[in-house]
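> Structure file query17.csv (CSV, N, CA and C atoms) is given on the next line.
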```
chain,number,residue,atom,x,y,z
B,1226,MET,N,19.3,0.9,-7.0
B,1226,MET,CA,18.6,0.4,-8.2
B,1226,MET,C,19.6,-0.1,-9.2
B,1227,ASN,N,19.3,-1.3,-9.8
B,1227,ASN,CA,20.2,-1.8,-10.8
B,1227,ASN,C,20.0,-1.2,-12.2
B,1228,SER,N,20.8,-1.6,-13.1
B,1228,SER,CA,20.8,-0.9,-14.4
B,1228,SER,C,19.6,-1.2,-15.2
B,1229,GLU,N,18.8,-2.3,-14.8
B,1229,GLU,CA,17.6,-2.7,-15.5
B,1229,GLU,C,16.4,-1.9,-15.0
B,1230,GLY,N,16.5,-1.1,-14.0
B,1230,GLY,CA,15.4,-0.4,-13.5
B,1230,GLY,C,14.6,-1.1,-12.4
B,1231,VAL,N,13.4,-0.7,-12.2
B,1231,VAL,CA,12.6,-1.4,-11.2
B,1231,VAL,C,11.5,-2.1,-11.9
B,1232,ASN,N,11.0,-3.1,-11.2
B,1232,ASN,CA,9.9,-3.9,-11.7
B,1232,ASN,C,8.5,-3.3,-11.3
B,1233,PRO,N,7.7,-2.8,-12.2
B,1233,PRO,CA,6.4,-2.2,-11.7
B,1233,PRO,C,5.5,-3.2,-11.1
B,1234,LEU,N,5.5,-4.4,-11.5
B,1234,LEU,CA,4.6,-5.4,-10.9
B,1234,LEU,C,5.0,-5.7,-9.5
B,1235,ILE,N,6.3,-5.8,-9.2
B,1235,ILE,CA,6.7,-6.1,-7.8
B,1235,ILE,C,6.4,-4.9,-6.9
B,1236,ALA,N,6.6,-3.7,-7.4
B,1236,ALA,CA,6.2,-2.5,-6.7
B,1236,ALA,C,4.7,-2.5,-6.3
B,1237,ALA,N,3.9,-2.8,-7.3
B,1237,ALA,CA,2.4,-2.8,-7.1
B,1237,ALA,C,2.0,-3.9,-6.1
B,1238,ILE,N,2.6,-5.1,-6.2
B,1238,ILE,CA,2.2,-6.2,-5.3
B,1238,ILE,C,2.6,-5.9,-3.9
B,1239,LEU,N,3.8,-5.3,-3.7
B,1239,LEU,CA,4.3,-5.0,-2.4
B,1239,LEU,C,3.4,-3.9,-1.8
B,1240,ASN,N,3.0,-2.9,-2.6
B,1240,ASN,CA,2.1,-1.9,-2.1
B,1240,ASN,C,0.7,-2.3,-1.8
B,1241,VAL,N,0.2,-3.3,-2.5
B,1241,VAL,CA,-1.1,-3.9,-2.2
B,1241,VAL,C,-1.0,-4.7,-0.9
B,1242,LEU,N,0.0,-5.5,-0.7
B,1242,LEU,CA,0.1,-6.3,0.5
B,1242,LEU,C,0.3,-5.5,1.7
B,1243,VAL,N,1.3,-4.6,1.7
B,1243,VAL,CA,1.6,-3.7,2.8
B,1243,VAL,C,1.8,-2.3,2.3
B,1244,TRP,N,0.9,-1.4,2.6
B,1244,TRP,CA,1.0,-0.1,2.1
B,1244,TRP,C,2.4,0.5,2.4
B,1245,GLY,N,3.0,1.1,1.4
B,1245,GLY,CA,4.3,1.8,1.6
B,1245,GLY,C,5.5,0.9,1.2
B,1246,LEU,N,5.3,-0.4,1.3
B,1246,LEU,CA,6.5,-1.2,1.0
B,1246,LEU,C,6.9,-1.1,-0.5
B,1247,GLY,N,5.9,-0.9,-1.4
B,1247,GLY,CA,6.3,-0.7,-2.8
B,1247,GLY,C,7.0,0.6,-3.0
B,1248,TYR,N,6.6,1.6,-2.3
B,1248,TYR,CA,7.3,2.9,-2.4
B,1248,TYR,C,8.8,2.8,-1.9
B,1249,ILE,N,8.9,2.1,-0.8
B,1249,ILE,CA,10.3,1.9,-0.3
B,1249,ILE,C,11.1,1.1,-1.3
B,1250,TYR,N,10.5,0.1,-2.0
B,1250,TYR,CA,11.2,-0.7,-3.0
B,1250,TYR,C,11.6,0.3,-4.2
B,1251,LEU,N,10.8,1.3,-4.4
B,1251,LEU,CA,11.2,2.2,-5.5
B,1251,LEU,C,12.2,3.3,-5.1
B,1252,GLY,N,12.5,3.3,-3.8
B,1252,GLY,CA,13.5,4.3,-3.3
B,1252,GLY,C,12.8,5.5,-2.8
B,1253,LYS,N,11.5,5.5,-2.7
B,1253,LYS,CA,10.8,6.7,-2.1
B,1253,LYS,C,10.5,6.4,-0.6
B,1254,ILE,N,11.6,6.6,0.2
B,1254,ILE,CA,11.6,6.2,1.6
B,1254,ILE,C,10.6,7.0,2.4
B,1255,PHE,N,10.6,8.3,2.2
B,1255,PHE,CA,9.7,9.2,3.0
B,1255,PHE,C,8.2,8.8,2.7
B,1256,LYS,N,7.9,8.8,1.4
B,1256,LYS,CA,6.5,8.4,1.1
B,1256,LYS,C,6.1,7.0,1.6
B,1257,GLY,N,7.0,6.1,1.5
B,1257,GLY,CA,6.8,4.7,1.9
B,1257,GLY,C,6.6,4.6,3.4
B,1258,THR,N,7.4,5.4,4.2
B,1258,THR,CA,7.3,5.4,5.6
B,1258,THR,C,6.0,6.0,6.1
B,1259,TRP,N,5.6,7.1,5.5
B,1259,TRP,CA,4.3,7.7,5.9
B,1259,TRP,C,3.1,6.8,5.5
B,1260,THR,N,3.2,6.2,4.4
B,1260,THR,CA,2.1,5.3,3.9
B,1260,THR,C,2.0,4.1,4.8
B,1261,PHE,N,3.2,3.6,5.2
B,1261,PHE,CA,3.2,2.4,6.1
B,1261,PHE,C,2.6,2.8,7.5
B,1262,PHE,N,2.9,4.0,7.9
B,1262,PHE,CA,2.4,4.5,9.2
B,1262,PHE,C,0.8,4.6,9.1
B,1263,ILE,N,0.3,5.0,8.0
B,1263,ILE,CA,-1.2,5.0,7.8
B,1263,ILE,C,-1.7,3.6,7.8
B,1264,PHE,N,-1.0,2.7,7.2
B,1264,PHE,CA,-1.4,1.3,7.2
B,1264,PHE,C,-1.4,0.7,8.6
B,1265,ALA,N,-0.5,1.0,9.4
B,1265,ALA,CA,-0.5,0.5,10.8
B,1265,ALA,C,-1.6,1.1,11.6
B,1266,ILE,N,-2.0,2.3,11.4
B,1266,ILE,CA,-3.1,2.9,12.0
B,1266,ILE,C,-4.4,2.3,11.6
B,1267,ALA,N,-4.5,2.0,10.3
B,1267,ALA,CA,-5.7,1.4,9.7
B,1267,ALA,C,-5.9,0.0,10.3
B,1268,CYS,N,-4.8,-0.8,10.4
B,1268,CYS,CA,-4.9,-2.2,10.9
B,1268,CYS,C,-5.2,-2.1,12.4
B,1269,GLY,N,-4.7,-1.2,13.1
B,1269,GLY,CA,-5.1,-1.0,14.5
B,1269,GLY,C,-6.6,-0.7,14.7
B,1270,PHE,N,-7.1,0.2,13.8
B,1270,PHE,CA,-8.5,0.5,13.8
B,1270,PHE,C,-9.4,-0.7,13.5
B,1271,TYR,N,-9.0,-1.6,12.6
B,1271,TYR,CA,-9.7,-2.8,12.3
B,1271,TYR,C,-9.7,-3.7,13.5
B,1272,LEU,N,-8.6,-3.8,14.1
B,1272,LEU,CA,-8.5,-4.7,15.3
B,1272,LEU,C,-9.4,-4.2,16.4
B,1273,ILE,N,-9.4,-2.9,16.6
B,1273,ILE,CA,-10.3,-2.3,17.6
B,1273,ILE,C,-11.8,-2.6,17.3
B,1274,LEU,N,-12.1,-2.4,16.1
B,1274,LEU,CA,-13.5,-2.7,15.6
B,1274,LEU,C,-13.9,-4.2,15.9
B,1275,PHE,N,-12.9,-5.0,15.6
B,1275,PHE,CA,-13.2,-6.5,15.8
B,1275,PHE,C,-13.3,-6.8,17.3
B,1276,THR,N,-12.4,-6.3,18.1
B,1276,THR,CA,-12.4,-6.7,19.5
B,1276,THR,C,-13.5,-6.1,20.3
B,1277,LEU,N,-14.0,-4.9,19.9
B,1277,LEU,CA,-15.1,-4.3,20.6
B,1277,LEU,C,-16.4,-4.8,20.2
B,1278,GLY,N,-16.5,-5.6,19.2
B,1278,GLY,CA,-17.7,-6.3,18.8
B,1278,GLY,C,-18.6,-5.4,18.0
B,1279,PHE,N,-18.1,-4.6,17.1
B,1279,PHE,CA,-18.9,-3.8,16.2
B,1279,PHE,C,-19.6,-4.7,15.2
B,1280,SER,N,-20.6,-4.2,14.6
B,1280,SER,CA,-21.4,-5.0,13.7
B,1280,SER,C,-20.5,-5.6,12.6
B,1281,PHE,N,-20.9,-6.8,12.2
B,1281,PHE,CA,-20.1,-7.4,11.1
B,1281,PHE,C,-20.2,-6.7,9.8
B,1282,SER,N,-21.3,-6.0,9.5
B,1282,SER,CA,-21.5,-5.2,8.3
B,1282,SER,C,-20.5,-4.0,8.3
B,1283,LEU,N,-20.4,-3.4,9.4
B,1283,LEU,CA,-19.4,-2.3,9.5
B,1283,LEU,C,-18.0,-2.8,9.3
B,1284,LEU,N,-17.7,-3.9,9.9
B,1284,LEU,CA,-16.3,-4.5,9.7
B,1284,LEU,C,-16.1,-4.8,8.2
B,1285,LEU,N,-17.1,-5.4,7.6
B,1285,LEU,CA,-17.0,-5.7,6.1
B,1285,LEU,C,-16.8,-4.5,5.3
B,1286,GLU,N,-17.5,-3.4,5.7
B,1286,GLU,CA,-17.4,-2.2,4.9
B,1286,GLU,C,-16.0,-1.6,5.1
B,1287,THR,N,-15.5,-1.6,6.2
B,1287,THR,CA,-14.1,-1.0,6.4
B,1287,THR,C,-13.1,-1.9,5.7
B,1288,ILE,N,-13.2,-3.2,5.7
B,1288,ILE,CA,-12.3,-4.1,5.0
B,1288,ILE,C,-12.4,-3.8,3.5
B,1289,PHE,N,-13.6,-3.6,3.0
B,1289,PHE,CA,-13.8,-3.3,1.6
B,1289,PHE,C,-13.1,-2.0,1.2
B,1290,GLU,N,-13.3,-1.0,2.1
B,1290,GLU,CA,-12.6,0.3,1.8
B,1290,GLU,C,-11.1,0.1,1.9
B,1291,HIS,N,-10.6,-0.7,2.8
B,1291,HIS,CA,-9.2,-1.0,2.9
B,1291,HIS,C,-8.7,-1.7,1.6
B,1292,PHE,N,-9.5,-2.6,1.1
B,1292,PHE,CA,-9.1,-3.3,-0.2
B,1292,PHE,C,-9.0,-2.3,-1.3
B,1293,LEU,N,-10.0,-1.4,-1.4
B,1293,LEU,CA,-10.0,-0.4,-2.5
B,1293,LEU,C,-8.8,0.5,-2.4
B,1294,THR,N,-8.5,0.9,-1.2
B,1294,THR,CA,-7.3,1.8,-0.9
B,1294,THR,C,-6.0,1.0,-1.3
B,1295,SER,N,-6.0,-0.3,-1.0
B,1295,SER,CA,-4.8,-1.1,-1.3
B,1295,SER,C,-4.6,-1.1,-2.8
B,1296,LEU,N,-5.7,-1.3,-3.6
B,1296,LEU,CA,-5.6,-1.3,-5.0
B,1296,LEU,C,-5.1,0.0,-5.6
B,1297,TRP,N,-5.6,1.1,-5.0
B,1297,TRP,CA,-5.1,2.4,-5.4
B,1297,TRP,C,-3.6,2.6,-5.2
B,1298,PHE,N,-3.1,2.2,-4.0
B,1298,PHE,CA,-1.7,2.3,-3.7
B,1298,PHE,C,-0.9,1.4,-4.6
B,1299,GLY,N,-1.4,0.2,-5.0
B,1299,GLY,CA,-0.7,-0.7,-5.9
B,1299,GLY,C,-0.6,0.0,-7.3
B,1300,TYR,N,-1.7,0.6,-7.8
B,1300,TYR,CA,-1.7,1.3,-9.0
B,1300,TYR,C,-0.8,2.4,-9.1
B,1301,ASP,N,-0.7,3.2,-8.0
B,1301,ASP,CA,0.2,4.3,-7.9
B,1301,ASP,C,1.6,3.9,-7.9
B,1302,ALA,N,2.0,2.8,-7.2
B,1302,ALA,CA,3.3,2.3,-7.3
B,1302,ALA,C,3.7,1.8,-8.6
B,1303,TYR,N,2.8,1.2,-9.3
B,1303,TYR,CA,3.0,0.7,-10.7
B,1303,TYR,C,3.3,1.8,-11.6
B,1304,LYS,N,2.5,2.9,-11.6
B,1304,LYS,CA,2.7,4.0,-12.5
B,1304,LYS,C,4.0,4.7,-12.1
B,1305,MET,N,4.3,4.8,-10.8
B,1305,MET,CA,5.6,5.5,-10.4
B,1305,MET,C,6.8,4.7,-10.9
B,1306,ALA,N,6.7,3.3,-10.9
B,1306,ALA,CA,7.8,2.5,-11.3
B,1306,ALA,C,8.0,2.7,-12.8
B,1307,ILE,N,6.9,2.8,-13.6
B,1307,ILE,CA,7.1,3.0,-15.0
B,1307,ILE,C,7.7,4.4,-15.3
B,1308,LYS,N,7.4,5.4,-14.5
B,1308,LYS,CA,8.0,6.7,-14.7
B,1308,LYS,C,9.5,6.7,-14.4
B,1309,ILE,N,9.8,5.9,-13.3
B,1309,ILE,CA,11.2,5.8,-12.9
B,1309,ILE,C,12.0,5.1,-14.0
B,1310,ASN,N,11.5,4.1,-14.6
B,1310,ASN,CA,12.1,3.3,-15.7
B,1310,ASN,C,12.3,4.1,-16.9
B,1311,GLU,N,11.4,5.1,-17.2
B,1311,GLU,CA,11.5,5.9,-18.4
B,1311,GLU,C,12.6,6.9,-18.3
B,1312,ARG,N,13.0,7.2,-17.1
B,1312,ARG,CA,14.1,8.2,-16.9
B,1312,ARG,C,15.5,7.5,-17.1
B,1313,TYR,N,15.5,6.2,-17.1
B,1313,TYR,CA,16.8,5.5,-17.2
B,1313,TYR,C,16.9,4.7,-18.5
```
Spell out the structure here as structure tokens.


Amino acid sequence: MNSEGVNPLIAAILNVLVWGLGYIYLGKIFKGTWTFFIFAIACGFYLILFTLGFSFSLLLETIFEHFLTSLWFGYDAYKMAIKINERY
């Protein structure tokens, strides 16, 4: 980490795009790795739903839940970055 701290917006965007990436940016390697692992499982689940021909409404519902979870992880990384910057 540089002397200016971490950018909360970058941490949030990274975590929304790929779960765990924002945590890794913040230096929380363990939390980021496990969160990314959950992200990989979720993406595999969506792929299975799509390839097995599940109903479109079920697919939309799971994608919506994924979107909400992504927003939560983004918010969490944003707040974590602010706390990190307050320490320095």

> Rank B:Asn1310, B:Ser1295, B:Asn1232, B:Ser1282 by their smallest atom-to-atom distance to B:Trp1244, using only N, CA and C atoms, and report the top residue only.

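Of B:Asn1310, B:Ser1295, B:Asn1232, B:Ser1282, the one nearest B:Trp1244, counting only N, CA and C atoms, is B:Ser1295.
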
> Which value, in Å to one decimal, gives the distance between atom CA of B:Lys1253 and atom N of B:Tyr1300?

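Distance between the two atoms: 15.0 Å.
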
> Counting all atoms listed in the file, I want the residues whose atoms come within 7 Å of (-7.1, 2.6, 4.3) in the file frame, returned as a list in words.

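Counting all atoms listed in the file, I find these residues within 7 Å of (-7.1, 2.6, 4.3): Ile1263, Phe1264, Ala1267, Glu1290, His1291, Phe1292, Thr1294 and Ser1295 of chain B.
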
> Could you jot down the atom CA of B:Ala1265 to atom CA of B:Tyr1250 separation for me, Å, one decimal place?

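Atom-to-atom, atom CA of B:Ala1265 and atom CA of B:Tyr1250 are spaced 18.1 Å apart.
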
> Just want the 8 Å neighbourhood of B:Asn1240, counted on only N, CA and C atoms, with same-chain residues fewer than 4 positions away dropped. Output as a list of chain:residue names.

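Listed by chain and then number, they are B:Leu1234, B:Ile1235, B:Ala1236, B:Trp1244, B:Gly1245, B:Leu1246, B:Gly1247, B:Tyr1248, B:Ile1249, B:Thr1294, B:Ser1295, B:Leu1296, B:Trp1297, B:Phe1298, B:Gly1299, B:Tyr1300, B:Ala1302, B:Tyr1303.
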
> Could you tell me how far atom N of B:Leu1242 sits from atom C of B:Leu1284, in Å to one decimal place?

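Separating atom C of B:Leu1284 from atom N of B:Leu1242 is a distance of 18.4 Å.
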